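Engineer: What follows is run.txt, compact mmCIF, C-alpha atoms.
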# COMPACT_ATOMS: atom_id res chain seq x y z
CA MET A 1092 2.41 -60.40 27.70
CA GLU A 1093 4.11 -60.76 24.33
CA VAL A 1094 1.52 -58.52 22.68
CA LYS A 1095 2.05 -55.81 25.30
CA LYS A 1096 5.81 -55.99 24.75
CA ILE A 1097 5.38 -55.63 20.99
CA ASN A 1098 2.97 -52.69 21.41
CA PHE A 1099 5.39 -50.97 23.80
CA LEU A 1100 8.29 -51.30 21.37
CA LYS A 1101 6.12 -50.09 18.48
CA SER A 1102 4.83 -47.09 20.42
CA TYR A 1103 8.13 -45.99 21.93
CA SER A 1104 10.69 -47.20 19.39
CA SER A 1105 11.34 -43.69 18.04
CA ILE A 1106 11.79 -42.28 21.55
CA LEU A 1107 14.10 -45.15 22.57
CA LEU A 1108 16.21 -44.61 19.46
CA LEU A 1109 16.38 -40.86 20.18
CA LEU A 1110 17.42 -41.50 23.76
CA GLY A 1111 20.02 -44.02 22.62
CA GLY A 1112 21.53 -41.54 20.17
CA ILE A 1113 21.53 -38.74 22.73
CA ILE A 1114 23.12 -40.88 25.47
CA LEU A 1115 25.79 -42.16 23.10
CA GLY A 1116 26.50 -38.62 21.87
CA SER A 1117 26.76 -37.28 25.44
CA ILE A 1118 29.22 -40.03 26.37
CA LEU A 1119 31.35 -39.24 23.33
CA GLY A 1120 31.30 -35.54 24.25
CA LEU A 1121 32.41 -36.26 27.84
CA PHE A 1122 35.25 -38.55 26.81
CA TYR A 1123 36.56 -36.78 23.71
CA GLY A 1124 35.78 -33.11 24.45
CA LYS A 1125 36.38 -30.80 21.50
CA ASP A 1126 37.54 -33.73 19.36
CA VAL A 1127 33.85 -34.54 18.79
CA LEU A 1128 33.75 -31.62 16.33
CA VAL A 1129 34.62 -34.24 13.72
CA ILE A 1130 31.08 -35.70 13.95
CA LYS A 1131 29.29 -32.35 14.20
CA PRO A 1132 28.61 -32.35 10.40
CA LEU A 1133 26.23 -35.27 10.96
CA GLY A 1134 24.14 -33.02 13.19
CA ASP A 1135 24.46 -30.17 10.69
CA ILE A 1136 23.17 -32.36 7.85
CA PHE A 1137 20.13 -33.40 9.88
CA LEU A 1138 19.40 -29.83 10.97
CA ASN A 1139 19.91 -28.44 7.45
CA LEU A 1140 17.41 -30.95 6.05
CA LEU A 1141 14.92 -29.88 8.71
CA PHE A 1142 15.43 -26.18 8.02
CA THR A 1143 15.07 -26.75 4.27
CA ALA A 1144 11.73 -28.48 4.75
CA ILE A 1145 10.45 -26.10 7.42
CA ILE A 1146 9.71 -23.18 5.07
CA PRO A 1147 7.19 -25.06 2.84
CA LEU A 1148 5.83 -26.87 5.90
CA ILE A 1149 4.93 -23.61 7.64
CA PHE A 1150 3.39 -22.18 4.47
CA PHE A 1151 1.19 -25.21 3.78
CA THR A 1152 0.15 -25.90 7.40
CA ILE A 1153 -0.93 -22.32 8.12
CA ALA A 1154 -2.44 -21.56 4.72
CA SER A 1155 -4.37 -24.86 4.48
CA SER A 1156 -5.57 -24.61 8.08
CA ILE A 1157 -7.03 -21.12 7.57
CA ALA A 1158 -8.37 -21.94 4.09
CA ASN A 1159 -10.43 -24.80 5.52
CA LEU A 1160 -12.03 -22.89 8.38
CA GLU A 1161 -15.78 -22.85 7.99
CA ARG A 1162 -16.40 -19.30 9.18
CA THR A 1163 -14.25 -16.19 9.44
CA GLU A 1164 -15.73 -15.58 12.91
CA LYS A 1165 -14.16 -18.84 14.04
CA LEU A 1166 -10.77 -17.61 12.88
CA GLY A 1167 -11.13 -14.34 14.77
CA LYS A 1168 -12.13 -16.13 17.98
CA LEU A 1169 -9.22 -18.55 17.66
CA PHE A 1170 -6.72 -15.72 17.20
CA ILE A 1171 -8.02 -13.77 20.20
CA ILE A 1172 -7.78 -16.84 22.44
CA MET A 1173 -4.33 -17.71 21.09
CA ILE A 1174 -2.93 -14.20 21.74
CA ALA A 1175 -4.41 -14.16 25.26
CA VAL A 1176 -2.91 -17.56 26.13
CA PHE A 1177 0.48 -16.68 24.63
CA LEU A 1178 0.72 -13.37 26.51
CA ALA A 1179 -0.44 -14.92 29.80
CA THR A 1180 2.14 -17.72 29.76
CA ILE A 1181 4.97 -15.39 28.70
CA LEU A 1182 4.24 -13.01 31.57
CA ILE A 1183 3.80 -15.84 34.10
CA SER A 1184 7.17 -17.35 33.12
CA ALA A 1185 8.84 -13.93 33.45
CA ILE A 1186 7.33 -13.39 36.90
CA VAL A 1187 8.54 -16.84 38.01
CA MET A 1188 12.07 -15.87 36.94
CA ILE A 1189 11.85 -12.52 38.75
CA LEU A 1190 10.86 -14.35 41.95
CA ALA A 1191 13.76 -16.77 41.44
CA VAL A 1192 16.39 -14.01 41.20
CA TYR A 1193 14.91 -12.35 44.30
CA LEU A 1194 15.07 -15.59 46.28
CA PHE A 1195 18.59 -16.36 45.02
CA PRO A 1196 20.24 -12.96 44.39
CA ILE A 1197 23.05 -12.75 41.85
CA HIS A 1198 25.91 -10.67 43.26
CA GLN A 1199 29.22 -11.42 41.59
CA ASN A 1200 31.73 -10.07 39.11
CA ILE A 1201 31.30 -11.33 35.58
CA ILE A 1202 34.40 -11.89 33.50
CA LEU A 1203 34.01 -10.07 30.21
CA SER A 1204 34.74 -12.60 27.48
CA LYS A 1205 35.27 -11.55 23.91
CA VAL A 1206 32.98 -13.43 21.57
CA PRO A 1207 32.01 -12.77 17.94
CA ILE A 1208 29.15 -10.27 17.70
CA GLU A 1209 26.51 -10.48 14.98
CA ASN A 1210 26.00 -7.50 12.76
CA ILE A 1211 22.92 -5.72 14.08
CA GLN A 1212 21.09 -3.73 11.46
CA SER A 1213 20.57 -0.12 12.39
CA GLY A 1214 17.70 2.10 11.37
CA SER A 1215 14.59 3.78 12.68
CA ILE A 1216 12.01 1.81 14.67
CA GLY A 1217 9.59 2.07 11.76
CA ASP A 1218 12.14 0.61 9.33
CA GLN A 1219 12.92 -2.27 11.69
CA ILE A 1220 9.23 -3.09 12.12
CA ALA A 1221 8.74 -3.06 8.34
CA GLN A 1222 11.71 -5.42 7.88
CA LEU A 1223 10.40 -7.69 10.61
CA LEU A 1224 6.87 -8.01 9.21
CA THR A 1225 7.50 -7.91 5.44
CA VAL A 1226 10.09 -8.46 2.72
CA ASN A 1227 10.54 -6.53 -0.51
CA ASP A 1228 10.78 -9.54 -2.83
CA PHE A 1229 9.03 -12.91 -2.95
CA PHE A 1230 12.19 -15.04 -2.86
CA GLU A 1231 13.15 -13.52 0.50
CA LEU A 1232 10.15 -15.29 2.03
CA LEU A 1233 11.99 -18.56 1.42
CA SER A 1234 14.54 -17.80 4.14
CA ARG A 1235 14.00 -18.74 7.78
CA LYS A 1236 15.40 -15.30 8.64
CA SER A 1237 12.08 -13.93 7.33
CA MET A 1238 9.95 -16.32 9.38
CA LEU A 1239 7.46 -13.75 10.66
CA ALA A 1240 6.98 -12.32 7.16
CA LEU A 1241 6.39 -15.85 5.83
CA ILE A 1242 3.80 -16.54 8.54
CA ILE A 1243 1.92 -13.32 7.73
CA PHE A 1244 2.03 -14.12 4.00
CA SER A 1245 0.79 -17.70 4.65
CA PHE A 1246 -2.05 -16.33 6.76
CA LEU A 1247 -3.06 -13.90 4.00
CA ILE A 1248 -2.96 -16.67 1.35
CA GLY A 1249 -5.14 -18.90 3.53
CA PHE A 1250 -7.60 -16.09 4.20
CA ALA A 1251 -7.76 -15.20 0.48
CA SER A 1252 -8.44 -18.87 -0.32
CA LEU A 1253 -11.20 -18.90 2.28
CA GLN A 1254 -12.78 -15.78 0.76
CA SER A 1255 -12.60 -17.28 -2.77
CA ARG A 1256 -15.24 -19.90 -1.87
CA GLU A 1257 -16.05 -22.26 -4.78
CA LYS A 1258 -13.65 -20.59 -7.21
CA GLY A 1259 -10.76 -21.25 -4.81
CA SER A 1260 -11.59 -24.92 -4.19
CA ALA A 1261 -8.83 -26.19 -6.51
CA PHE A 1262 -6.23 -24.04 -4.75
CA ARG A 1263 -7.45 -25.22 -1.34
CA SER A 1264 -7.01 -28.81 -2.55
CA PHE A 1265 -3.47 -27.90 -3.59
CA LEU A 1266 -2.78 -26.51 -0.10
CA ASP A 1267 -4.18 -29.66 1.53
CA SER A 1268 -2.14 -31.89 -0.75
CA GLY A 1269 1.02 -29.87 -0.15
CA ASN A 1270 0.47 -30.09 3.60
CA GLU A 1271 0.23 -33.89 3.42
CA VAL A 1272 3.34 -34.20 1.20
CA MET A 1273 5.38 -32.05 3.60
CA LYS A 1274 4.26 -34.15 6.56
CA GLN A 1275 5.49 -37.29 4.80
CA LEU A 1276 8.79 -35.64 3.87
CA LEU A 1277 9.38 -34.61 7.47
CA ASN A 1278 8.59 -38.13 8.67
CA MET A 1279 11.38 -39.33 6.37
CA ILE A 1280 13.83 -36.71 7.66
CA MET A 1281 13.01 -37.53 11.29
CA LYS A 1282 14.26 -41.08 10.70
CA LEU A 1283 17.74 -39.52 10.88
CA ALA A 1284 17.01 -37.86 14.23
CA PRO A 1285 18.88 -40.38 16.47
CA ILE A 1286 22.09 -39.85 14.49
CA GLY A 1287 21.66 -36.10 14.03
CA LEU A 1288 20.69 -35.35 17.62
CA GLY A 1289 23.36 -37.70 18.94
CA ALA A 1290 26.00 -35.75 17.02
CA TYR A 1291 24.62 -32.44 18.30
CA PHE A 1292 24.59 -33.60 21.91
CA ALA A 1293 28.18 -34.78 21.55
CA TYR A 1294 29.09 -31.32 20.25
CA GLN A 1295 27.26 -29.44 23.03
CA VAL A 1296 28.65 -31.58 25.85
CA GLY A 1297 32.16 -31.61 24.40
CA VAL A 1298 32.44 -27.90 23.59
CA PHE A 1299 30.11 -26.01 25.94
CA GLY A 1300 30.01 -28.33 28.96
CA PRO A 1301 33.13 -27.03 30.76
CA GLN A 1302 31.90 -23.42 30.61
CA LEU A 1303 28.96 -24.30 32.86
CA PHE A 1304 31.32 -24.50 35.86
CA GLY A 1305 32.97 -21.12 35.38
CA VAL A 1306 31.96 -17.65 36.54
CA TYR A 1307 28.49 -18.12 35.07
CA ALA A 1308 27.73 -21.04 37.39
CA LYS A 1309 25.41 -19.22 39.82
CA PRO A 1310 23.30 -17.40 37.19
CA LEU A 1311 23.01 -20.65 35.26
CA GLY A 1312 22.11 -22.57 38.41
CA VAL A 1313 19.33 -20.10 39.23
CA TYR A 1314 18.05 -20.16 35.66
CA TYR A 1315 18.09 -23.93 35.21
CA GLY A 1316 16.47 -24.43 38.61
CA ALA A 1317 13.69 -21.95 37.83
CA CYS A 1318 13.13 -23.48 34.40
CA ILE A 1319 12.90 -27.02 35.76
CA PHE A 1320 10.43 -25.82 38.39
CA TYR A 1321 8.35 -23.98 35.76
CA PHE A 1322 8.52 -26.94 33.38
CA PHE A 1323 7.12 -29.52 35.78
CA VAL A 1324 4.88 -27.41 38.02
CA PHE A 1325 3.37 -24.82 35.68
CA PHE A 1326 3.09 -27.04 32.61
CA SER A 1327 1.24 -29.54 34.81
CA LEU A 1328 -1.08 -26.76 35.99
CA TYR A 1329 -1.64 -25.64 32.39
CA ALA A 1330 -2.50 -29.24 31.43
CA ILE A 1331 -5.02 -29.45 34.28
CA VAL A 1332 -6.56 -26.16 33.12
CA ALA A 1333 -6.75 -27.63 29.60
CA GLY A 1334 -8.70 -30.68 30.71
CA GLY A 1335 -8.04 -31.99 34.20
CA LYS A 1336 -6.34 -35.29 34.96
CA ARG A 1337 -6.86 -36.74 31.48
CA ALA A 1338 -5.18 -33.78 29.79
CA PHE A 1339 -2.33 -34.01 32.33
CA ILE A 1340 -1.70 -37.63 31.33
CA VAL A 1341 -2.06 -36.91 27.61
CA PHE A 1342 0.47 -34.06 27.73
CA TRP A 1343 3.18 -35.82 29.71
CA SER A 1344 2.74 -38.97 27.60
CA ASN A 1345 3.31 -37.18 24.28
CA ASN A 1346 5.80 -34.36 24.93
CA ILE A 1347 8.93 -36.54 25.13
CA THR A 1348 9.98 -36.49 21.46
CA PRO A 1349 9.48 -32.70 21.07
CA ALA A 1350 11.39 -32.16 24.34
CA LEU A 1351 14.37 -34.26 23.23
CA THR A 1352 14.39 -32.63 19.79
CA ALA A 1353 14.29 -29.16 21.38
CA VAL A 1354 17.22 -29.84 23.72
CA GLY A 1355 19.22 -31.48 20.95
CA THR A 1356 18.75 -28.84 18.25
CA CYS A 1357 18.25 -25.70 20.40
CA SER A 1358 15.75 -24.62 17.75
CA SER A 1359 12.04 -23.96 18.10
CA ILE A 1360 11.68 -23.96 14.32
CA ALA A 1361 13.39 -27.34 13.90
CA THR A 1362 11.01 -28.84 16.48
CA ILE A 1363 7.81 -27.84 14.65
CA PRO A 1364 7.46 -31.29 12.97
CA ALA A 1365 7.84 -33.15 16.28
CA ASN A 1366 5.34 -30.79 17.93
CA LEU A 1367 2.81 -31.21 15.12
CA GLU A 1368 3.12 -34.99 15.35
CA ALA A 1369 2.71 -34.91 19.13
CA ALA A 1370 -0.31 -32.57 18.85
CA GLU A 1371 -1.93 -34.98 16.40
CA LYS A 1372 -1.42 -37.89 18.82
CA MET A 1373 -2.98 -35.73 21.55
CA ASN A 1374 -6.12 -35.30 19.39
CA ILE A 1375 -5.81 -31.52 19.22
CA PRO A 1376 -8.06 -30.41 16.32
CA LYS A 1377 -6.20 -30.09 13.04
CA HIS A 1378 -7.01 -26.44 12.39
CA VAL A 1379 -5.86 -25.53 15.92
CA ARG A 1380 -2.53 -27.40 15.89
CA ASN A 1381 -1.70 -26.34 12.32
CA LEU A 1382 -2.15 -22.71 13.31
CA VAL A 1383 -0.93 -22.48 16.91
CA ILE A 1384 2.28 -24.51 16.68
CA PRO A 1385 3.82 -22.89 13.55
CA LEU A 1386 2.84 -19.45 14.91
CA GLY A 1387 4.07 -20.28 18.41
CA ALA A 1388 7.56 -21.30 17.29
CA PRO A 1389 8.69 -17.77 16.37
CA LEU A 1390 6.21 -15.76 18.48
CA HIS A 1391 5.74 -17.55 21.81
CA LYS A 1392 8.76 -18.32 24.02
CA ASP A 1393 8.43 -18.94 27.74
CA GLY A 1394 12.10 -19.96 27.98
CA SER A 1395 13.31 -16.86 26.14
CA SER A 1396 11.15 -14.73 28.42
CA MET A 1397 12.87 -16.21 31.47
CA SER A 1398 16.34 -15.88 29.93
CA SER A 1399 15.63 -12.21 29.17
CA ILE A 1400 14.98 -11.59 32.88
CA LEU A 1401 18.16 -13.47 33.81
CA LYS A 1402 20.31 -11.43 31.42
CA ILE A 1403 18.89 -8.14 32.69
CA THR A 1404 19.50 -9.23 36.30
CA VAL A 1405 23.10 -10.30 35.61
CA LEU A 1406 23.85 -7.06 33.75
CA PHE A 1407 22.37 -5.01 36.60
CA ALA A 1408 24.56 -6.91 39.11
CA MET A 1409 27.57 -6.47 36.85
CA PHE A 1410 27.17 -2.68 36.69
CA GLY A 1411 25.95 -2.25 40.29
CA LYS A 1412 22.41 -1.18 39.38
CA ASP A 1413 19.27 -1.82 41.44
CA PHE A 1414 16.77 -4.29 39.98
CA THR A 1415 14.14 -3.92 42.71
CA SER A 1416 12.27 -0.78 41.67
CA PRO A 1417 8.72 -1.31 40.28
CA SER A 1418 9.44 0.73 37.14
CA THR A 1419 12.51 -1.41 36.37
CA ILE A 1420 10.51 -4.62 36.79
CA LEU A 1421 7.60 -3.39 34.64
CA LEU A 1422 10.04 -2.34 31.93
CA ALA A 1423 11.72 -5.76 32.14
CA LEU A 1424 8.32 -7.46 31.67
CA GLY A 1425 7.65 -5.30 28.62
CA ILE A 1426 11.05 -6.18 27.18
CA THR A 1427 10.43 -9.92 27.68
CA VAL A 1428 7.19 -9.74 25.68
CA ILE A 1429 8.95 -7.92 22.83
CA VAL A 1430 11.92 -10.33 22.97
CA SER A 1431 9.56 -13.31 22.72
CA ILE A 1432 8.09 -11.85 19.53
CA VAL A 1433 11.18 -10.56 17.72
CA GLU A 1434 13.75 -13.26 18.52
CA GLY A 1435 14.03 -15.93 15.85
CA GLY A 1436 13.38 -19.63 16.35
CA ILE A 1437 16.78 -20.73 15.05
CA PRO A 1438 19.70 -21.76 17.30
CA ASN A 1439 21.14 -18.64 18.98
CA GLY A 1440 19.07 -16.79 16.43
CA GLY A 1441 20.05 -13.15 16.63
CA TYR A 1442 20.71 -10.90 19.57
CA ILE A 1443 18.03 -8.29 18.98
CA GLY A 1444 16.57 -8.91 22.43
CA GLU A 1445 19.90 -8.37 24.17
CA VAL A 1446 20.57 -5.20 22.19
CA LEU A 1447 17.06 -3.92 23.02
CA ALA A 1448 17.50 -4.47 26.77
CA ILE A 1449 20.99 -2.95 26.84
CA THR A 1450 19.83 0.10 24.88
CA VAL A 1451 16.69 0.68 26.95
CA TYR A 1452 18.58 0.55 30.25
CA GLY A 1453 21.47 2.67 28.95
CA LEU A 1454 24.21 0.10 29.58
CA PRO A 1455 27.56 0.18 27.71
CA MET A 1456 27.11 -2.03 24.66
CA GLU A 1457 30.76 -3.09 24.32
CA GLN A 1458 30.88 -4.57 27.83
CA ALA A 1459 27.30 -5.77 28.27
CA LEU A 1460 26.59 -7.49 24.94
CA PRO A 1461 29.28 -10.23 25.17
CA VAL A 1462 28.03 -11.27 28.63
CA ALA A 1463 24.41 -11.41 27.44
CA MET A 1464 25.43 -13.41 24.37
CA ILE A 1465 27.39 -15.99 26.38
CA LEU A 1466 24.49 -16.42 28.81
CA GLY A 1467 22.13 -16.78 25.85
CA THR A 1468 24.27 -19.56 24.41
CA LEU A 1469 24.59 -21.47 27.70
CA VAL A 1470 20.87 -21.33 28.57
CA ASP A 1471 19.74 -22.12 25.01
CA PRO A 1472 18.99 -25.87 25.48
CA ILE A 1473 16.54 -25.58 28.37
CA ALA A 1474 15.13 -22.28 27.06
CA THR A 1475 14.26 -24.04 23.79
CA LEU A 1476 12.73 -26.91 25.78
CA LEU A 1477 10.34 -24.48 27.47
CA ASN A 1478 9.65 -22.64 24.22
CA VAL A 1479 8.73 -25.83 22.37
CA ASN A 1480 6.73 -27.59 25.08
CA GLY A 1481 5.10 -24.23 25.84
CA ASP A 1482 3.67 -24.21 22.31
CA LEU A 1483 2.34 -27.73 22.81
CA ILE A 1484 0.65 -27.02 26.15
CA CYS A 1485 -0.73 -23.72 24.82
CA SER A 1486 -2.29 -25.57 21.87
CA MET A 1487 -4.08 -27.79 24.42
CA MET A 1488 -5.43 -24.80 26.34
CA ILE A 1489 -6.42 -22.97 23.17
CA SER A 1490 -8.18 -26.11 21.94
CA ARG A 1491 -10.08 -26.35 25.22
CA PHE A 1492 -11.12 -22.69 25.25
CA SER A 1493 -12.02 -22.45 21.55
CA GLU A 1494 -13.29 -25.96 20.73
CA LYS A 1495 -14.28 -27.30 24.18
CA THR A 1496 -11.94 -30.24 23.51
CA LYS A 1497 -11.98 -32.97 26.15
CA TRP A 1498 -9.33 -35.65 26.57
Translate this structure into structure tokens?

Structural biologist:
Amino acid sequence: MEVKKINFLKSYSSILLLLGGIILGSILGLFYGKDVLVIKPLGDIFLNLLFTAIIPLIFFTIASSIANLERTEKLGKLFIIMIAVFLATILISAIVMILAVYLFPIHQNIILSKVPIENIQSGSIGDQIAQLLTVNDFFELLSRKSMLALIIFSFLIGFASLQSREKGSAFRSFLDSGNEVMKQLLNMIMKLAPIGLGAYFAYQVGVFGPQLFGVYAKPLGVYYGACIFYFFVFFSLYAIVAGGKRAFIVFWSNNITPALTAVGTCSSIATIPANLEAAEKMNIPKHVRNLVIPLGAPLHKDGSSMSSILKITVLFAMFGKDFTSPSTILLALGITVIVSIVEGGIPNGGYIGEVLAITVYGLPMEQALPVAMILGTLVDPIATLLNVNGDLICSMMISRFSEKTKW
């Protein structure tokens, strides 16, 4: 009995500490409200350390994973399966949200609140695509704002190392060594997670909590209800597809730390370390987890897909437009796929998706954008939860389809 107790504490000590910090932070937020801003810097320090380490982590994990693949055919097969799984789950989540807003229609006046608007860069579609996929100087790759460009560059470095064969062996060893060093660094940073996440939860509950009961209550209720349903029902189905009952147990036993980190930081990028650690515990092959999870953080977002549908629905209700026509729904599905790709993985990271939807549907930007931005902020915690755990469950399915992994 004593041995079991010791093993339980050893296995779940990090989760218990995280929960303790989050519960304490939430209590502080409820009691002290906006006064908890005084401890927000503790959360900022933790998150800044994570963001600082994330750039080299992504480079080394992707580059070393690709560099160590045995055959280029294996890489091509893995990418095809990954894209198919990502697209399928994004579209399924969007359809679930469409059904939710049909079952619980949103018909109400939205109060237009004035909030700060980010500067959206203008330019042709070609220029925007070029800026999204590449940068014009090497140092710009070292910013999380250029995450997609960094991922593409890391992929190219890994592929070049793979093609170099024996002559590139020393560089491949460097990539492997760098990957291991970054993992150890992130383990050290994650020791601060109970304090950092506790401070962030205090901030979220203290500052944003009261807004949940205002005029946005019904849209938020529909969204949170649909997300909770999708989280438990569809992620369980995905786990069963990935490997039956055993995979179901493995997923729900190892997704707790990534889930808590996602809700606390509202950042898919900041949760990459927790996801990689969980994927390792789940025995997902190294080359699969080191490729799928860093790529999934900025490119695959079930929660953002669902929030995109919600925002479009609310804006249509606000301006008295009909959301039931097939062409409108198909266009909304297309927008959700684009939004999932172009939106960043940082907290409230850019409003390109909102601007895209508003522009495509011809809605007045000055009135529509503030509403979409407020909704985006209020749904961010659970949207990030789905984004992050979606990457984890997708890595299980991709591992099953590409490697025949069994749990």

Engineer: One decimal, in Å: what's the spacing between atom CA of A:Val1332 and atom CA of A:Gly1481?

Structural biologist: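 Calculated distance between atom CA of A:Val1332 and atom CA of A:Gly1481 is 13.9 Å.
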
Engineer: Taking a cut-off of 10 Å and counting all atoms listed in the file, can you build a table that, for each residue of stretch 1310-1337 of chain A near stretch 1386-1400 of chain A, reports the nearest atom pair and how far apart they are in Å (one decimal), sorted by chain then residue number, as a tab-separated table?

Structural biologist:
residue	atom	partner	partner_atom	distance
A:Leu1311	CA	A:Ser1398	CA	9.8
A:Tyr1314	CA	A:Ser1398	CA	7.4
A:Tyr1315	CA	A:Ser1398	CA	9.8
A:Ala1317	CA	A:Met1397	CA	8.6
A:Cys1318	CA	A:Gly1394	CA	7.4
A:Tyr1321	CA	A:Asp1393	CA	9.5
A:Phe1322	CA	A:Gly1394	CA	9.5

Engineer: Considering only C-alpha atoms, return as number ranges by chain whatever protein or nucleic-acid residues lie within 12 Å of stretch 1106-1112 of chain A, sequence-local ones (same chain, fewer than 2 positions apart) excluded.

Structural biologist: A: 1099-1104, 1114-1119, 1134, 1281-1293, 1344-1355, 1365, 1369

Engineer: Deliver the residues from the most recent selection as a file, using C-alpha atoms, as a PDB file, keeping the file's coordinate frame.

Structural biologist:
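Result went into out.pdb, see below:
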ATOM      1  CA  PHE A1099       5.390 -50.970  23.800  1.00  0.00           C
ATOM      2  CA  LEU A1100       8.290 -51.300  21.370  1.00  0.00           C
ATOM      3  CA  LYS A1101       6.120 -50.090  18.480  1.00  0.00           C
ATOM      4  CA  SER A1102       4.830 -47.090  20.420  1.00  0.00           C
ATOM      5  CA  TYR A1103       8.130 -45.990  21.930  1.00  0.00           C
ATOM      6  CA  SER A1104      10.690 -47.200  19.390  1.00  0.00           C
ATOM      7  CA  ILE A1114      23.120 -40.880  25.470  1.00  0.00           C
ATOM      8  CA  LEU A1115      25.790 -42.160  23.100  1.00  0.00           C
ATOM      9  CA  GLY A1116      26.500 -38.620  21.870  1.00  0.00           C
ATOM     10  CA  SER A1117      26.760 -37.280  25.440  1.00  0.00           C
ATOM     11  CA  ILE A1118      29.220 -40.030  26.370  1.00  0.00           C
ATOM     12  CA  LEU A1119      31.350 -39.240  23.330  1.00  0.00           C
ATOM     13  CA  GLY A1134      24.140 -33.020  13.190  1.00  0.00           C
ATOM     14  CA  MET A1281      13.010 -37.530  11.290  1.00  0.00           C
ATOM     15  CA  LYS A1282      14.260 -41.080  10.700  1.00  0.00           C
ATOM     16  CA  LEU A1283      17.740 -39.520  10.880  1.00  0.00           C
ATOM     17  CA  ALA A1284      17.010 -37.860  14.230  1.00  0.00           C
ATOM     18  CA  PRO A1285      18.880 -40.380  16.470  1.00  0.00           C
ATOM     19  CA  ILE A1286      22.090 -39.850  14.490  1.00  0.00           C
ATOM     20  CA  GLY A1287      21.660 -36.100  14.030  1.00  0.00           C
ATOM     21  CA  LEU A1288      20.690 -35.350  17.620  1.00  0.00           C
ATOM     22  CA  GLY A1289      23.360 -37.700  18.940  1.00  0.00           C
ATOM     23  CA  ALA A1290      26.000 -35.750  17.020  1.00  0.00           C
ATOM     24  CA  TYR A1291      24.620 -32.440  18.300  1.00  0.00           C
ATOM     25  CA  PHE A1292      24.590 -33.600  21.910  1.00  0.00           C
ATOM     26  CA  ALA A1293      28.180 -34.780  21.550  1.00  0.00           C
ATOM     27  CA  SER A1344       2.740 -38.970  27.600  1.00  0.00           C
ATOM     28  CA  ASN A1345       3.310 -37.180  24.280  1.00  0.00           C
ATOM     29  CA  ASN A1346       5.800 -34.360  24.930  1.00  0.00           C
ATOM     30  CA  ILE A1347       8.930 -36.540  25.130  1.00  0.00           C
ATOM     31  CA  THR A1348       9.980 -36.490  21.460  1.00  0.00           C
ATOM     32  CA  PRO A1349       9.480 -32.700  21.070  1.00  0.00           C
ATOM     33  CA  ALA A1350      11.390 -32.160  24.340  1.00  0.00           C
ATOM     34  CA  LEU A1351      14.370 -34.260  23.230  1.00  0.00           C
ATOM     35  CA  THR A1352      14.390 -32.630  19.790  1.00  0.00           C
ATOM     36  CA  ALA A1353      14.290 -29.160  21.380  1.00  0.00           C
ATOM     37  CA  VAL A1354      17.220 -29.840  23.720  1.00  0.00           C
ATOM     38  CA  GLY A1355      19.220 -31.480  20.950  1.00  0.00           C
ATOM     39  CA  ALA A1365       7.840 -33.150  16.280  1.00  0.00           C
ATOM     40  CA  ALA A1369       2.710 -34.910  19.130  1.00  0.00           C
TER      41      ALA A1369
END

Engineer: Would you mind reading off the distance between atom CA of A:Val1272 and atom CA of A:Phe1229, one decimal, in Å?

Structural biologist: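 The value is 22.4 Å.
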
Engineer: Taking into account only C-alpha atoms, which residue in the set A:Ile1429, A:Met1173, A:Val1405, A:Val1341 is nearest to A:Gly1467?

Structural biologist: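 Closest residue, counting only C-alpha atoms: A:Val1405.
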
Engineer: Counting only C-alpha atoms, which of A:Ala1144, A:Ala1261, A:Val1324, A:Ile1243 gets nearest to A:Met1273?

Structural biologist: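 Of A:Ala1144, A:Ala1261, A:Val1324, A:Ile1243, the one nearest A:Met1273 is A:Ala1144, counting only C-alpha atoms.
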
Engineer: Extending 5 Å beyond the listed atoms of stretch 1261-1278 of chain A on each side, what axis-aligned box results? I want centre and edge lengths in Å to one decimal, as AutoDock Vina command-line options.

Structural biologist:
--center_x 0.3 --center_y -31.1 --center_z 1.1 --size_x 28.2 --size_y 24.1 --size_z 25.2

Engineer: How many Å lie between atom CA of A:Ile1181 and atom CA of A:Ile1426, rounded to one decimal?

Structural biologist: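 Straight-line distance from atom CA of A:Ile1181 to atom CA of A:Ile1426 works out to 11.1 Å.
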
Engineer: If we draw a sphere of 10 Å around (16.0, -28.1, 23.3), which residues have at least one atom in it when counting all atoms listed in the file? Please report them as a ChimeraX atom specification.

Structural biologist: /A:1349-1359,1361-1362,1438,1470-1480

Engineer: So which residues are close to (9.5, -13.1, 32.7), meaning at most 7 Å away in the file's coordinates with all atoms listed in the file counted, and can you show them as a VMD selection string?

Structural biologist: chain A and resid 1181 to 1189 1396 to 1397 1400 1424 1427

Engineer: Would you put the residues from that selection into a file with C-alpha atoms, as a compact mmCIF listing (two decimals), in the coordinates of the input?

Structural biologist:
# COMPACT_ATOMS: atom_id res chain seq x y z
CA ILE A 1181 4.97 -15.39 28.70
CA LEU A 1182 4.24 -13.01 31.57
CA ILE A 1183 3.80 -15.84 34.10
CA SER A 1184 7.17 -17.35 33.12
CA ALA A 1185 8.84 -13.93 33.45
CA ILE A 1186 7.33 -13.39 36.90
CA VAL A 1187 8.54 -16.84 38.01
CA MET A 1188 12.07 -15.87 36.94
CA ILE A 1189 11.85 -12.52 38.75
CA SER A 1396 11.15 -14.73 28.42
CA MET A 1397 12.87 -16.21 31.47
CA ILE A 1400 14.98 -11.59 32.88
CA LEU A 1424 8.32 -7.46 31.67
CA THR A 1427 10.43 -9.92 27.68

Engineer: If we count all atoms listed in the file and set the cut-off at 9 Å, which residues sit around A:Thr1404, ignoring sequence neighbours fewer than 6 positions away in its own chain? Please answer as a tab-separated table (two decimals) with C-alpha atoms, in the coordinates of the input.

Structural biologist:
chain	number	residue	atom	x	y	z
A	1189	ILE	CA	11.85	-12.52	38.75
A	1192	VAL	CA	16.39	-14.01	41.20
A	1196	PRO	CA	20.24	-12.96	44.39
A	1197	ILE	CA	23.05	-12.75	41.85
A	1414	PHE	CA	16.77	-4.29	39.98
